[in-house]
Every structure is written in C-alpha cells, then in structure tokens.
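Visitor: Structure file run.cif, mmCIF, C-alpha atoms and all ligand atoms, is pasted below:
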data_structure
loop_
_atom_site.label_atom_id
_atom_site.label_comp_id
_atom_site.auth_asym_id
_atom_site.auth_seq_id
_atom_site.Cartn_x
_atom_site.Cartn_y
_atom_site.Cartn_z
CA MET G 12 119.59 -60.16 -57.41
CA ASN G 13 120.30 -63.71 -58.40
CA ASP G 14 123.85 -63.14 -59.51
CA LEU G 15 125.90 -65.02 -56.99
CA ASN G 16 129.00 -64.83 -59.12
CA MET G 17 129.81 -61.64 -57.30
CA GLN G 18 133.35 -62.69 -56.39
CA PHE G 19 134.32 -59.10 -55.76
CA PRO G 20 133.76 -56.78 -52.81
CA HIS G 21 130.15 -55.76 -52.50
CA ARG G 22 127.71 -54.77 -49.82
CA ARG G 23 124.41 -56.38 -48.98
CA PHE G 24 121.44 -54.77 -47.31
CA ASP G 25 119.91 -56.23 -44.16
CA PRO G 26 116.27 -55.09 -44.31
CA LEU G 27 115.49 -56.52 -40.87
CA ARG G 28 118.21 -54.60 -39.05
CA GLY G 29 118.23 -51.74 -41.53
CA ARG G 30 121.97 -51.74 -42.27
CA TRP G 31 124.54 -52.77 -44.84
CA VAL G 32 127.08 -55.57 -44.56
CA LEU G 33 130.35 -55.61 -46.51
CA VAL G 34 131.13 -58.94 -48.24
CA SER G 35 134.65 -59.70 -49.52
CA PRO G 36 134.43 -63.13 -51.17
CA HIS G 37 137.65 -62.70 -53.18
CA ARG G 38 139.56 -63.13 -49.94
CA THR G 39 138.41 -66.73 -49.58
CA GLN G 40 139.07 -68.01 -53.07
CA ARG G 41 141.88 -70.18 -51.81
CA PRO G 42 140.59 -73.76 -51.74
CA TRP G 43 139.16 -74.97 -48.48
CA GLN G 44 141.62 -77.19 -46.63
CA GLY G 45 138.96 -78.85 -44.57
CA GLU G 46 141.11 -78.33 -41.50
CA VAL G 47 139.40 -79.14 -38.25
CA SER G 48 141.50 -78.60 -35.18
CA ARG G 49 139.73 -80.64 -32.58
CA THR G 50 139.61 -79.06 -29.18
CA ASP G 51 140.34 -81.13 -26.12
CA ASN G 52 136.97 -82.53 -25.27
CA LYS G 53 137.28 -83.65 -21.69
CA PRO G 54 134.93 -86.51 -20.78
CA ALA G 55 131.75 -84.74 -19.77
CA LEU G 56 130.35 -85.17 -16.28
CA HIS G 57 126.65 -85.92 -15.97
CA TYR G 58 126.70 -84.33 -12.53
CA ASP G 59 129.25 -81.83 -11.26
CA PRO G 60 129.26 -81.21 -7.51
CA GLU G 61 130.85 -77.81 -8.17
CA CYS G 62 128.16 -76.69 -10.66
CA TYR G 63 125.68 -74.16 -9.30
CA LEU G 64 123.06 -75.29 -11.85
CA CYS G 65 123.09 -79.05 -11.23
CA PRO G 66 120.11 -80.50 -9.33
CA GLY G 67 120.40 -80.44 -5.54
CA ASN G 68 123.44 -78.12 -5.49
CA THR G 69 123.62 -74.89 -3.53
CA ARG G 70 123.99 -71.70 -5.53
CA ALA G 71 126.30 -68.82 -4.66
CA GLY G 72 123.40 -66.88 -3.17
CA GLY G 73 122.83 -69.72 -0.71
CA GLU G 74 119.71 -71.16 -2.30
CA LYS G 75 119.54 -74.85 -3.01
CA ASN G 76 118.36 -76.14 -6.40
CA PRO G 77 115.57 -78.70 -6.22
CA ALA G 78 116.26 -82.22 -7.48
CA TYR G 79 114.71 -81.20 -10.79
CA THR G 80 114.19 -83.82 -13.50
CA SER G 81 113.28 -81.71 -16.56
CA VAL G 82 113.62 -77.92 -16.82
CA PHE G 83 114.19 -75.53 -13.91
CA ALA G 84 113.93 -71.72 -13.84
CA PHE G 85 114.95 -69.26 -11.15
CA VAL G 86 115.79 -65.58 -10.69
CA ASN G 87 119.45 -64.92 -11.50
CA ASP G 88 121.43 -64.56 -8.26
CA TYR G 89 123.50 -61.80 -9.91
CA ALA G 90 120.74 -60.15 -11.92
CA ALA G 91 121.66 -57.20 -14.14
CA LEU G 92 118.12 -55.88 -13.65
CA LEU G 93 115.96 -55.48 -10.58
CA PRO G 94 112.15 -55.31 -10.39
CA ASP G 95 111.94 -52.21 -8.22
CA PRO G 96 114.67 -49.62 -8.59
CA PRO G 97 113.59 -46.10 -7.55
CA ALA G 98 111.79 -44.44 -10.47
CA LYS G 99 114.18 -41.76 -11.62
CA LYS G 100 114.97 -39.71 -14.66
CA ILE G 101 117.83 -37.28 -14.64
CA ASP G 102 119.39 -34.81 -17.02
CA LEU G 103 122.78 -33.59 -15.90
CA GLY G 104 123.63 -31.53 -18.96
CA ASN G 105 121.08 -29.99 -21.31
CA GLY G 106 119.89 -33.34 -22.64
CA LEU G 107 123.44 -34.54 -23.18
CA LEU G 108 123.82 -36.51 -19.97
CA LEU G 109 120.56 -38.41 -19.62
CA ALA G 110 119.84 -41.34 -17.35
CA GLU G 111 116.72 -43.11 -16.22
CA SER G 112 115.83 -46.10 -14.07
CA GLU G 113 115.21 -49.41 -15.82
CA ARG G 114 112.97 -52.00 -14.21
CA GLY G 115 113.30 -55.64 -15.16
CA LEU G 116 114.03 -59.23 -14.24
CA CYS G 117 116.76 -61.70 -15.14
CA ARG G 118 115.97 -65.37 -14.93
CA VAL G 119 117.96 -68.51 -15.62
CA LEU G 120 116.45 -71.58 -17.25
CA CYS G 121 118.22 -74.93 -16.91
CA PHE G 122 117.38 -77.00 -20.00
CA HIS G 123 118.13 -80.39 -18.45
CA PRO G 124 119.39 -81.88 -15.18
CA ASP G 125 122.27 -83.64 -17.01
CA HIS G 126 125.35 -81.39 -16.79
CA SER G 127 126.95 -82.95 -19.89
CA LEU G 128 124.20 -82.25 -22.42
CA THR G 129 123.65 -79.50 -24.99
CA LEU G 130 120.67 -78.75 -27.21
CA ALA G 131 122.45 -80.73 -29.94
CA ASN G 132 122.44 -83.96 -27.97
CA MET G 133 119.19 -83.63 -26.07
CA GLU G 134 116.16 -85.55 -27.39
CA VAL G 135 113.63 -83.50 -29.35
CA ASP G 136 110.98 -84.23 -26.70
CA GLU G 137 113.31 -82.87 -24.04
CA ILE G 138 113.80 -79.69 -26.09
CA VAL G 139 109.99 -79.43 -26.36
CA ARG G 140 109.99 -79.09 -22.54
CA VAL G 141 112.44 -76.19 -22.96
CA VAL G 142 110.19 -74.55 -25.58
CA GLU G 143 107.24 -74.90 -23.21
CA ALA G 144 109.25 -73.32 -20.40
CA TRP G 145 110.36 -70.44 -22.67
CA THR G 146 106.71 -69.93 -23.62
CA ALA G 147 105.60 -69.84 -19.97
CA GLU G 148 108.37 -67.37 -19.09
CA TYR G 149 107.53 -65.15 -22.06
CA LYS G 150 103.85 -65.11 -21.11
CA GLU G 151 104.34 -64.59 -17.41
CA LEU G 152 107.02 -61.92 -17.65
CA GLY G 153 105.38 -60.22 -20.63
CA ALA G 154 102.09 -59.97 -18.71
CA ARG G 155 103.70 -57.72 -16.09
CA PRO G 156 102.54 -54.17 -16.80
CA GLU G 157 106.04 -52.66 -16.53
CA ILE G 158 107.64 -55.21 -18.91
CA ARG G 159 107.69 -54.28 -22.62
CA HIS G 160 110.15 -56.82 -23.92
CA VAL G 161 111.23 -60.35 -23.03
CA GLN G 162 114.60 -61.48 -24.38
CA ILE G 163 115.23 -65.22 -24.30
CA PHE G 164 118.80 -66.24 -25.13
CA GLU G 165 121.57 -68.76 -24.67
CA ASN G 166 125.30 -68.16 -24.51
CA ARG G 167 127.04 -71.38 -25.37
CA GLY G 168 130.73 -72.05 -24.84
CA ALA G 169 133.60 -70.34 -23.07
CA MET G 170 134.39 -68.40 -26.26
CA MET G 171 131.06 -66.62 -25.84
CA GLY G 172 131.68 -65.97 -22.17
CA ALA G 173 129.44 -68.75 -20.86
CA SER G 174 130.84 -69.38 -17.41
CA ASN G 175 129.16 -72.75 -16.94
CA PRO G 176 128.78 -75.62 -19.44
CA HIS G 177 125.56 -76.85 -17.80
CA PRO G 178 122.80 -76.60 -20.49
CA HIS G 179 120.99 -73.38 -19.65
CA GLY G 180 119.82 -70.09 -21.02
CA GLN G 181 118.71 -66.73 -19.75
CA ILE G 182 115.66 -64.54 -19.91
CA TRP G 183 115.96 -60.81 -19.47
CA ALA G 184 112.71 -58.88 -19.27
CA THR G 185 112.93 -55.11 -19.50
CA GLU G 186 110.85 -51.99 -19.10
CA HIS G 187 112.09 -50.61 -22.42
CA ILE G 188 112.43 -52.38 -25.78
CA PRO G 189 116.20 -52.88 -26.27
CA ASP G 190 118.03 -51.54 -29.33
CA GLU G 191 118.14 -54.67 -31.53
CA PRO G 192 114.43 -55.52 -31.35
CA ALA G 193 113.60 -51.81 -31.45
CA ALA G 194 115.43 -51.53 -34.79
CA GLU G 195 113.60 -54.61 -36.08
CA LEU G 196 110.30 -53.20 -34.89
CA ALA G 197 110.89 -50.08 -36.97
CA THR G 198 111.85 -52.02 -40.12
CA GLN G 199 108.93 -54.46 -39.83
CA LEU G 200 106.47 -51.62 -39.25
CA ALA G 201 107.84 -49.64 -42.19
CA TYR G 202 107.72 -52.67 -44.50
CA ARG G 203 104.13 -53.41 -43.54
CA ALA G 204 103.12 -49.79 -44.06
CA LYS G 205 104.73 -49.74 -47.50
CA HIS G 206 103.82 -53.22 -48.85
CA ASN G 207 100.89 -54.29 -46.68
CA ALA G 208 102.83 -57.51 -46.11
CA CYS G 209 105.25 -59.03 -43.64
CA LEU G 210 108.97 -58.44 -44.14
CA LEU G 211 109.98 -61.89 -42.90
CA CYS G 212 107.15 -63.80 -44.65
CA ASP G 213 108.32 -62.19 -47.89
CA THR G 214 111.98 -62.86 -47.08
CA LEU G 215 111.22 -66.52 -46.35
CA ARG G 216 109.36 -66.87 -49.67
CA VAL G 217 112.31 -65.47 -51.63
CA GLU G 218 114.81 -67.61 -49.71
CA LEU G 219 112.79 -70.78 -50.33
CA GLU G 220 112.46 -69.93 -54.03
CA GLN G 221 116.19 -69.40 -54.45
CA ALA G 222 117.12 -72.29 -52.11
CA GLN G 223 120.75 -71.11 -51.98
CA ARG G 224 120.98 -70.28 -48.30
CA ILE G 225 118.65 -72.83 -46.67
CA VAL G 226 120.39 -75.01 -44.05
CA CYS G 227 117.57 -77.27 -42.86
CA GLU G 228 113.79 -77.23 -42.53
CA ASN G 229 110.77 -79.06 -41.22
CA ASP G 230 107.01 -78.59 -41.62
CA GLU G 231 106.95 -75.60 -39.27
CA PHE G 232 110.38 -73.92 -39.39
CA VAL G 233 113.20 -73.06 -41.75
CA ALA G 234 116.82 -72.36 -40.74
CA LEU G 235 118.87 -70.36 -43.24
CA VAL G 236 121.98 -68.24 -43.53
CA PRO G 237 120.45 -64.87 -44.31
CA PHE G 238 121.62 -63.08 -47.47
CA TRP G 239 122.89 -60.33 -45.19
CA ALA G 240 124.44 -62.45 -42.42
CA VAL G 241 127.29 -60.78 -40.54
CA TRP G 242 128.88 -63.69 -38.64
CA PRO G 243 130.47 -66.43 -40.82
CA PHE G 244 127.93 -69.12 -39.90
CA GLU G 245 125.13 -66.90 -38.65
CA THR G 246 121.65 -68.36 -39.13
CA LEU G 247 118.09 -67.15 -38.91
CA VAL G 248 115.31 -69.49 -37.77
CA LEU G 249 111.93 -68.54 -39.23
CA SER G 250 108.49 -69.93 -38.55
CA ARG G 251 106.68 -70.76 -41.79
CA ALA G 252 103.48 -69.35 -40.32
CA HIS G 253 103.15 -65.65 -39.60
CA LEU G 254 103.16 -65.86 -35.80
CA PRO G 255 104.34 -63.10 -33.50
CA SER G 256 105.58 -65.10 -30.53
CA MET G 257 105.79 -68.51 -28.84
CA ASP G 258 102.53 -68.05 -26.98
CA ALA G 259 100.78 -68.31 -30.38
CA PHE G 260 102.37 -71.71 -31.19
CA ASN G 261 100.31 -74.88 -31.36
CA GLN G 262 101.84 -78.20 -30.31
CA ALA G 263 103.12 -78.97 -33.80
CA GLN G 264 104.91 -75.63 -33.87
CA GLN G 265 106.43 -76.19 -30.42
CA HIS G 266 107.69 -79.55 -31.62
CA GLY G 267 108.85 -78.01 -34.90
CA LEU G 268 110.94 -75.40 -33.09
CA ALA G 269 112.51 -78.06 -30.85
CA ASP G 270 113.31 -80.18 -33.92
CA ILE G 271 114.87 -77.34 -35.94
CA LEU G 272 117.03 -76.30 -32.95
CA LYS G 273 118.33 -79.85 -32.67
CA GLN G 274 118.96 -80.19 -36.42
CA LEU G 275 120.77 -76.87 -36.55
CA THR G 276 122.94 -77.30 -33.44
CA MET G 277 123.93 -80.82 -34.56
CA ARG G 278 125.14 -79.39 -37.86
CA TYR G 279 127.07 -76.68 -36.04
CA ASP G 280 128.79 -79.28 -33.84
CA ARG G 281 129.75 -81.37 -36.88
CA LEU G 282 131.09 -78.44 -38.89
CA PHE G 283 134.33 -78.15 -36.92
CA ALA G 284 133.99 -81.33 -34.83
CA THR G 285 133.54 -79.32 -31.67
CA SER G 286 130.77 -78.28 -29.31
CA PHE G 287 129.98 -75.16 -31.33
CA PRO G 288 129.92 -71.90 -29.36
CA TYR G 289 127.25 -69.32 -30.10
CA THR G 290 124.87 -66.74 -28.78
CA MET G 291 121.35 -67.53 -29.84
CA GLY G 292 118.05 -65.94 -28.97
CA PHE G 293 114.52 -65.26 -30.10
CA HIS G 294 112.96 -62.01 -31.19
CA GLN G 295 109.29 -61.98 -30.34
CA ARG G 296 106.49 -59.45 -30.29
CA PRO G 297 107.18 -56.73 -27.72
CA THR G 298 104.93 -57.12 -24.68
CA ASP G 299 103.93 -53.46 -24.59
CA GLY G 300 100.22 -54.08 -24.97
CA ASP G 301 100.01 -53.67 -28.77
CA THR G 302 99.08 -56.64 -30.95
CA HIS G 303 102.02 -56.11 -33.33
CA PRO G 304 100.57 -57.61 -36.52
CA GLU G 305 103.87 -56.70 -38.24
CA TRP G 306 106.01 -58.90 -35.98
CA HIS G 307 107.23 -62.27 -37.24
CA PHE G 308 108.74 -64.68 -34.69
CA HIS G 309 112.35 -65.60 -35.40
CA GLY G 310 115.56 -66.79 -33.80
CA HIS G 311 119.14 -65.67 -34.44
CA PHE G 312 122.25 -67.81 -34.03
CA TYR G 313 125.45 -65.77 -33.83
CA PRO G 314 128.41 -68.20 -33.70
CA PRO G 315 131.92 -66.68 -33.59
CA LEU G 316 133.86 -69.50 -35.31
CA LEU G 317 135.37 -68.86 -38.73
CA ARG G 318 137.72 -71.63 -39.88
CA SER G 319 138.07 -74.22 -37.13
CA ALA G 320 137.23 -75.01 -33.53
CA THR G 321 139.79 -72.45 -32.42
CA VAL G 322 139.90 -69.82 -35.18
CA ARG G 323 137.23 -67.23 -34.58
CA LYS G 324 136.10 -64.08 -36.28
CA PHE G 325 136.72 -60.80 -34.55
CA MET G 326 134.57 -57.72 -34.93
CA VAL G 327 137.36 -55.16 -34.83
CA GLY G 328 138.88 -52.36 -36.86
CA PHE G 329 136.67 -51.39 -39.76
CA GLU G 330 133.80 -53.33 -38.25
CA MET G 331 133.85 -51.30 -35.05
CA LEU G 332 134.40 -48.03 -36.83
CA GLY G 333 132.70 -48.58 -40.17
CA MET G 334 130.38 -51.50 -40.80
CA PRO G 335 130.27 -55.30 -40.41
CA GLN G 336 132.34 -57.27 -42.93
CA ARG G 337 132.62 -60.92 -43.87
CA ASP G 338 134.76 -63.01 -46.26
CA ILE G 339 133.02 -66.39 -46.70
CA THR G 340 129.74 -65.73 -48.49
CA PRO G 341 126.41 -66.66 -46.90
CA GLU G 342 125.85 -69.06 -49.84
CA THR G 343 129.09 -70.93 -49.07
CA ALA G 344 128.34 -70.98 -45.33
CA ALA G 345 124.89 -72.46 -45.97
CA GLU G 346 126.33 -75.08 -48.31
CA ARG G 347 128.84 -76.17 -45.69
CA LEU G 348 126.21 -76.36 -42.94
CA ARG G 349 123.92 -78.33 -45.25
CA ALA G 350 126.76 -80.80 -45.85
CA ALA G 351 127.57 -81.15 -42.14
CA THR G 352 125.40 -84.16 -41.61
CA GLY G 353 127.17 -87.22 -40.31
ZN ZN K 1 125.66 -78.71 -13.84
ZN ZN K 2 105.35 -62.94 -41.34
ZN ZN K 3 115.72 -60.37 -34.85
#
Just give me the structure of the file as structure tokens.
Ligand SMILES: [Zn+2]
Ligand SMILES: [Zn+2]
Ligand SMILES: [Zn+2]
Guide:
Amino acid sequence: MNDLNMQFPHRRFDPLRGRWVLVSPHRTQRPWQGEVSRTDNKPALHYDPECYLCPGNTRAGGEKNPAYTSVFAFVNDYAALLPDPPAKKIDLGNGLLLAESERGLCRVLCFHPDHSLTLANMEVDEIVRVVEAWTAEYKELGARPEIRHVQIFENRGAMMGASNPHPHGQIWATEHIPDEPAAELATQLAYRAKHNACLLCDTLRVELEQAQRIVCENDEFVALVPFWAVWPFETLVLSRAHLPSMDAFNQAQQHGLADILKQLTMRYDRLFATSFPYTMGFHQRPTDGDTHPEWHFHGHFYPPLLRSATVRKFMVGFEMLGMPQRDITPETAAERLRAATG
C-alpha cells in the first residue's frame, strides 16, 4: 500500500508482533499548534549524595558503589528474579491454575558516573562503552545454561516509572522466553519458512524505498516509525546487516548503534523541549542454544508523550479491551521527528 491519503479510520497490520493497530487520522486534522509546554527543568546535579547509583554512594542493600569512571553493572538489590528458586511446577486445578518456578537474574547498568546525563547528551564514544557493556552482559548471562532470554532495557523519566534520573538501564535474564520476544520469534520463524527471507530485512528494504517513515540513519543502523507503530512517537531501530544480536557486532556496528541512539534521543528531547520519557529495549536472539537464523536484531522505543511534555497517551478503554489505537499517523510522527533537529 502506498496510499497514505487514508485520512479515515483504518487498521494496519504489525507483522512482527502479529497484530492489528487501529489508526484514526481524521481525529488529528486540526492544524498543529506547535505547543510545547516546557516542564520545570531543575538544574541537574552532576553528583547527588542521595542517589544510590552515583559513584562511591552506598546502596539500600548496604553495598557501596565503586568510584567508577565509565559504566558500572551490579545485581539489582531488589531483583524481581532470583538465580535459584526451588524448582517447582504445580497445577491446582485441572490445568487451569498452573504455576512454575522461574529462574533468572536482574542487573542494573549505570551508563555514566555523571548523575545529570542522559543518552541524548552523552558523547557517542561514551555510549559505545554502554554498548560494549550491554554486549558483555548479553554474552555472559546468555551463556548460563538456564537462561533462554536476555532483556536489556531502559526506563527513562518519572512518567515511565523510573525512580532515579541517574543514567542507567536494566538487564533481566530469564529461564523462559517472555511473551513479546516469543511472539516475535513465532512471526520471524513463520516469515522465514514462507519466504525464505528475513521479515525485518524485507521490512527495512520497503521502508527505505518508501522513505516516508525514516527518522534518521547512519551506515549501520536505521531508526524509523514503523508503519504499524502503536505509541505516537514509537520508533524501531534496525541494523542494516542481518545480525541476530550484539555479540555479532563489529566495532563499526557498535559505534553505529551508539550513534543512532544519540541521534534519536536528541530528536526526542527536541520534539517537546523536554527530557523525553520512554521505555526502550533491544530484542535479540534468544539464548536457548539455537542459532536463530530468522532473528534480526532490533530496538524498540516506546515513548508515552502525545502532544507536549505533559500530555501523554493512555492505553485505556478500547485499547485495553479491543486493540491498540492511535490518532497521529506514523508518517506524520516520523516527519516531526525528522524535523526536530536544532
Ligand atoms: Zn546518581
Ligand atoms: Zn534480517
Ligand atoms: Zn521486538
């Protein structure tokens, strides 16, 4: 479909997640006011004595952070997963009340010792250190025999529930492949079986040909608003090469990922003149021992903001009970992010 004059309600198919998204562009035909309600940006501290992630500070669990100068990773003091719960599987009601133990690990990765920074205002070389640390975590956790999936993510901003502004992300490694990557595993496998090709390589080719939803790119990566995006300014970060995971990156690709993350987060911050909140994370080859030739490395950015620094989108009503819905089209969102340069 190349008919983007669809200014009427329609639905779009997300072949990666295997679901439909309702788009209602007629609701946004009012001209854009360009309103940006700036949030109160307090002067940022480079070091906060109260922050449990700053170098040299003592965490709630009593451990003291080293005086780290680059990245720093540790096991989450309040981990949602533990490495050694008793192995148990129970059925309390004819297969209707099932439960089983889940082994795993939760780690925290500080991106930088400076409390005031974000990915958007770190240097690309500093973000390369973060990419290297993510790669090491993915390899090390994924090599554990009981770990089948490693989820790297970042919650940014109080709106997304991030309790601490210090630049950091999380890594949750689990015994089972969680629902989102499991759904993407099924769609990528099915696409490969049917077309003998990669779903995301083919998607990237079509997106580059149409050039309607591209936000920014470099030699190694492309960031775009997918045709089927759910969140208003959702983006997908795709490697140009068909690579399954970060451990397959060469140095140019590590640098390319760092660069695209900086380009993209800078645009987000400029869009509503605020430190843009989001959840972002990478979907990589499951670490279950298979080679996964179908899997294409990618990152998702799910930002909640809709119209300004304070007006967010809610996933309620029809979206909880029916299907996801959006007003601003992915084409318009991409255009606005492309323009958010200075
Ligand atoms: Zn801090
Ligand atoms: Zn591919
Ligand atoms: Zn994904």
Visitor: With all atoms listed in the file as the basis for distance, which of G:Pro97, G:Pro297, G:Gly153, G:Pro192 is at the shortest distance from ligand ZN 3 (chain K)?
Guide: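 That would be G:Pro192, the residue with the smallest distance to ligand ZN 3 (chain K).
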Visitor: Using only C-alpha atoms and all ligand atoms, what are the residues with an atom within 8 Å of ligand ZN 2 (chain K), set out as a PyMOL selection string?
Guide: chain G and resi 208-213+251-255+305-308
Visitor: Against ligand ZN 3 (chain K), which residues of chain G fall within 7 Å? For each one I want the closest pair of atoms and the distance in Å (one decimal), counting all atoms listed in the file, rows by chain and increasing residue number, as CSV.
Guide:
residue,atom,partner,partner_atom,distance
G:Pro192,CA,K:ZN3,ZN,6.1
G:Glu195,CA,K:ZN3,ZN,6.3
G:Phe293,CA,K:ZN3,ZN,6.9
G:His294,CA,K:ZN3,ZN,4.9
G:His309,CA,K:ZN3,ZN,6.2
G:Gly310,CA,K:ZN3,ZN,6.5
G:His311,CA,K:ZN3,ZN,6.3
Visitor: Could you turn the residues from that selection into a file that holds C-alpha atoms, as a PDB file, keeping the file's coordinate frame?
Guide:
ATOM      1  CA  PRO G 192     114.430 -55.520 -31.350  1.00  0.00           C
ATOM      2  CA  GLU G 195     113.600 -54.610 -36.080  1.00  0.00           C
ATOM      3  CA  PHE G 293     114.520 -65.260 -30.100  1.00  0.00           C
ATOM      4  CA  HIS G 294     112.960 -62.010 -31.190  1.00  0.00           C
ATOM      5  CA  HIS G 309     112.350 -65.600 -35.400  1.00  0.00           C
ATOM      6  CA  GLY G 310     115.560 -66.790 -33.800  1.00  0.00           C
ATOM      7  CA  HIS G 311     119.140 -65.670 -34.440  1.00  0.00           C
TER       8      HIS G 311
END
Visitor: Could the residues that lie within 10 Å of ligand ZN 1 (chain K), counting all atoms listed in the file, be listed as a VMD selection string?
Guide: chain G and resid 56 to 68 121 123 to 128 175 to 179
Visitor: If you count all atoms listed in the file, which residues fall within 6 Å of segment 258-270 of chain G, apart from same-chain ones fewer than 4 positions away, as a list in words?
Guide: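 Within the cut-off, the hits are Val135, Ile138, Val139, Thr146 and Glu231 of chain G.
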Visitor: Smallest atom-to-atom distance to Ala84 of chain G: which of G:Ile101, G:Ala144, G:Leu27, G:Leu249, using all atoms listed in the file?
Guide: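 Residue with the minimum atom-to-atom distance to Ala84 of chain G: G:Ala144.
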Visitor: Can you work out which one of G:Leu275, G:Leu152, G:Ala222, G:Met331 has the shortest atom-to-atom distance to Pro314 of chain G, counting only C-alpha atoms?
Guide: G:Leu275
Visitor: As a ChimeraX atom specification, please: the residues near His37 of chain G (cut-off 8 Å, only C-alpha atoms, same-chain neighbours under 4 positions excluded).
Guide: /G:18-20,338
Visitor: Dump C-alpha atoms for the selected residues as a CSV table (one decimal), in the frame of the given file?
Guide:
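To be explicit, this is the file written out as selection-v5.csv:
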chain,number,residue,atom,x,y,z
G,18,GLN,CA,133.4,-62.7,-56.4
G,19,PHE,CA,134.3,-59.1,-55.8
G,20,PRO,CA,133.8,-56.8,-52.8
G,338,ASP,CA,134.8,-63.0,-46.3
Visitor: Find the residue from G:Phe287, G:Tyr279, G:Phe312, G:Tyr149 that sits nearest to Thr185 of chain G; use only C-alpha atoms when measuring.
Guide: G:Tyr149
Visitor: Rank nothing, just name the residue among G:Leu332, G:Leu272, G:Ala71, G:Val32 nearest to Met291 of chain G, using all atoms listed in the file.
Guide: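 Distance minimum relative to Met291 of chain G lands on G:Leu272.
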Visitor: Atom CA of Gln199 of chain G and atom CA of Arg296 of chain G, how far apart in Å?
Guide: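 Result for atom CA of Arg296 of chain G versus atom CA of Gln199 of chain G: 11.0 Å, one decimal.
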Visitor: When you draw a straight line from atom CA of Leu92 of chain G to atom CA of Arg70 of chain G, how long is it in Å?
Guide: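 Taking atom CA of Leu92 of chain G as the start and atom CA of Arg70 of chain G as the end point, the length is 18.7 Å.
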Visitor: If I take atom CA of Pro288 of chain G and atom CA of Leu348 of chain G, how far is one from the other in Å, to one decimal?
Guide: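 Pair atom CA of Pro288 of chain G / atom CA of Leu348 of chain G returns 14.8 Å.
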Visitor: With distances taken over all atoms listed in the file, which residue among G:Leu130, G:Lys99, G:Asn166, G:Glu186 lies nearest Arg114 of chain G?
Guide: G:Glu186
Visitor: Name the residues in contact with Arg23 of chain G at a cut-off of 7 Å, using only C-alpha atoms, excluding same-chain residues fewer than 4 positions from it; report them as a PyMOL selection string.
Guide: chain G and resi 31-33+239
Visitor: Quick one: write out the picked residues with C-alpha atoms as a compact mmCIF listing (two decimals), in the coordinates of the input?
Guide:
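Produced file out.txt, reproduced below:
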# COMPACT_ATOMS: atom_id res chain seq x y z
CA TRP G 31 124.54 -52.77 -44.84
CA VAL G 32 127.08 -55.57 -44.56
CA LEU G 33 130.35 -55.61 -46.51
CA TRP G 239 122.89 -60.33 -45.19
Visitor: Mind checking which residues fall within 9 Å of Tyr313 of chain G, counting all atoms listed in the file, ignoring those fewer than 2 positions away in the same chain, and posting them as number ranges by chain?
Guide: G: 241-246, 288-292, 311, 315
